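Shown next, in structure tokens, is the structure this report addresses.
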Amino acid sequence: MLLYLQAYILSTELRFCDRCMVRTRHEIIEDPETIYTYKRRRLYRCEECGHKSIRRGLRPSAESVY
């Protein structure tokens, strides 16, 4: 019996990777069965090294300037 886990990649963001130690592109991986709230935490995956981490989403304008 195979267990199939379905996840969707929504978009990419520039985030700081703990393993690469630089800002790299991260894919946002969404689970369709999760109920999201206002301050939700999302699963991000680094496109360079593949490291996965759960982080809060970036604020629309405040953190894009850094």
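Going by the structure tokens order, chains are called A, B, ..., each with residues numbered from 1, while ligands are numbered from 1 in the order shown.
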Mind checking which residues fall within 8 Å of segment 22-38 of chain A, counting only C-alpha atoms, ignoring those fewer than 6 positions away in the same chain, and posting them as a ChimeraX atom specification? /A:6-16,44-48
Selected residues written out, N, CA and C atoms, as a compact mmCIF listing (two decimals), in the first residue's frame:
# COMPACT_ATOMS: atom_id res chain seq x y z
N GLN A 6 0.21 14.71 -1.00
CA GLN A 6 0.06 15.72 -2.03
C GLN A 6 0.43 17.09 -1.47
N ALA A 7 1.28 17.79 -2.15
CA ALA A 7 1.68 19.14 -1.76
C ALA A 7 1.79 19.98 -3.02
N TYR A 8 1.54 21.26 -2.86
CA TYR A 8 1.58 22.17 -3.99
C TYR A 8 2.67 23.21 -3.77
N ILE A 9 3.39 23.54 -4.82
CA ILE A 9 4.39 24.61 -4.77
C ILE A 9 3.71 25.86 -5.29
N LEU A 10 3.53 26.84 -4.42
CA LEU A 10 2.80 28.05 -4.79
C LEU A 10 3.66 29.05 -5.55
N SER A 11 4.75 29.46 -4.93
CA SER A 11 5.60 30.47 -5.55
C SER A 11 6.97 30.40 -4.91
N THR A 12 7.83 31.35 -5.26
CA THR A 12 9.16 31.40 -4.68
C THR A 12 9.39 32.76 -4.04
N GLU A 13 10.24 32.77 -3.01
CA GLU A 13 10.62 34.00 -2.33
C GLU A 13 12.10 33.95 -2.05
N LEU A 14 12.72 35.11 -1.92
CA LEU A 14 14.12 35.18 -1.49
C LEU A 14 14.13 35.15 0.02
N ARG A 15 14.68 34.07 0.59
CA ARG A 15 14.75 33.90 2.04
C ARG A 15 16.17 33.56 2.44
N PHE A 16 16.52 33.76 3.71
CA PHE A 16 17.82 33.39 4.22
C PHE A 16 17.81 31.90 4.55
N TYR A 44 9.00 25.97 3.72
CA TYR A 44 9.83 26.50 2.65
C TYR A 44 10.93 25.49 2.33
N ARG A 45 11.29 25.41 1.04
CA ARG A 45 12.39 24.54 0.62
C ARG A 45 13.36 25.34 -0.22
N CYS A 46 14.64 25.29 0.18
CA CYS A 46 15.69 26.02 -0.54
C CYS A 46 15.93 25.34 -1.89
N GLU A 47 15.99 26.14 -2.96
CA GLU A 47 16.23 25.57 -4.29
C GLU A 47 17.69 25.19 -4.49
N GLU A 48 18.61 25.76 -3.70
CA GLU A 48 20.03 25.44 -3.86
C GLU A 48 20.40 24.12 -3.19
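For Arg55 of chain A, the residues within 8 Å (counting only C-alpha atoms, excluding itself and residues fewer than 3 positions away along the chain) are Arg41, Arg42, Leu43 and Tyr44 of chain A.
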Written selection (all heavy atoms) as a CSV table (one decimal), in the first residue's frame:
chain,number,residue,atom,x,y,z
A,41,ARG,N,2.3,29.6,9.6
A,41,ARG,CA,3.7,29.2,9.3
A,41,ARG,C,3.6,28.3,8.1
A,41,ARG,O,2.8,27.4,8.0
A,41,ARG,CB,4.3,28.5,10.5
A,41,ARG,CG,4.4,29.5,11.7
A,41,ARG,CD,4.8,28.7,12.9
A,41,ARG,NE,6.0,28.1,12.9
A,41,ARG,CZ,7.2,28.6,13.2
A,41,ARG,NH1,7.2,29.8,13.7
A,41,ARG,NH2,8.3,27.9,13.1
A,42,ARG,N,4.6,28.5,7.2
A,42,ARG,CA,4.6,27.7,5.9
A,42,ARG,C,5.9,26.9,5.8
A,42,ARG,O,6.9,27.3,6.4
A,42,ARG,CB,4.5,28.7,4.7
A,42,ARG,CG,3.3,29.5,4.7
A,42,ARG,CD,3.3,30.4,3.5
A,42,ARG,NE,2.0,31.1,3.4
A,42,ARG,CZ,1.8,32.2,2.6
A,42,ARG,NH1,2.8,32.7,2.0
A,42,ARG,NH2,0.6,32.7,2.6
A,43,LEU,N,5.8,25.9,5.0
A,43,LEU,CA,7.0,25.1,4.8
A,43,LEU,C,7.7,25.6,3.5
A,43,LEU,O,7.1,25.8,2.5
A,43,LEU,CB,6.6,23.6,4.5
A,43,LEU,CG,7.7,22.6,4.2
A,43,LEU,CD1,8.6,22.5,5.4
A,43,LEU,CD2,7.1,21.3,3.8
A,44,TYR,N,9.0,26.0,3.7
A,44,TYR,CA,9.8,26.5,2.7
A,44,TYR,C,10.9,25.5,2.3
A,44,TYR,O,11.4,24.8,3.2
A,44,TYR,CB,10.5,27.8,3.1
A,44,TYR,CG,9.6,29.0,3.2
A,44,TYR,CD1,8.9,29.3,4.3
A,44,TYR,CD2,9.4,29.8,2.1
A,44,TYR,CE1,8.0,30.3,4.4
A,44,TYR,CE2,8.5,30.9,2.1
A,44,TYR,CZ,7.8,31.1,3.3
A,44,TYR,OH,7.0,32.2,3.4
Which of segment 10-65 of chain A DSSP labels strand (DSSP E or B), written as a PyMOL selection string: chain A and resi 10-16+23-30+41-46+52-56
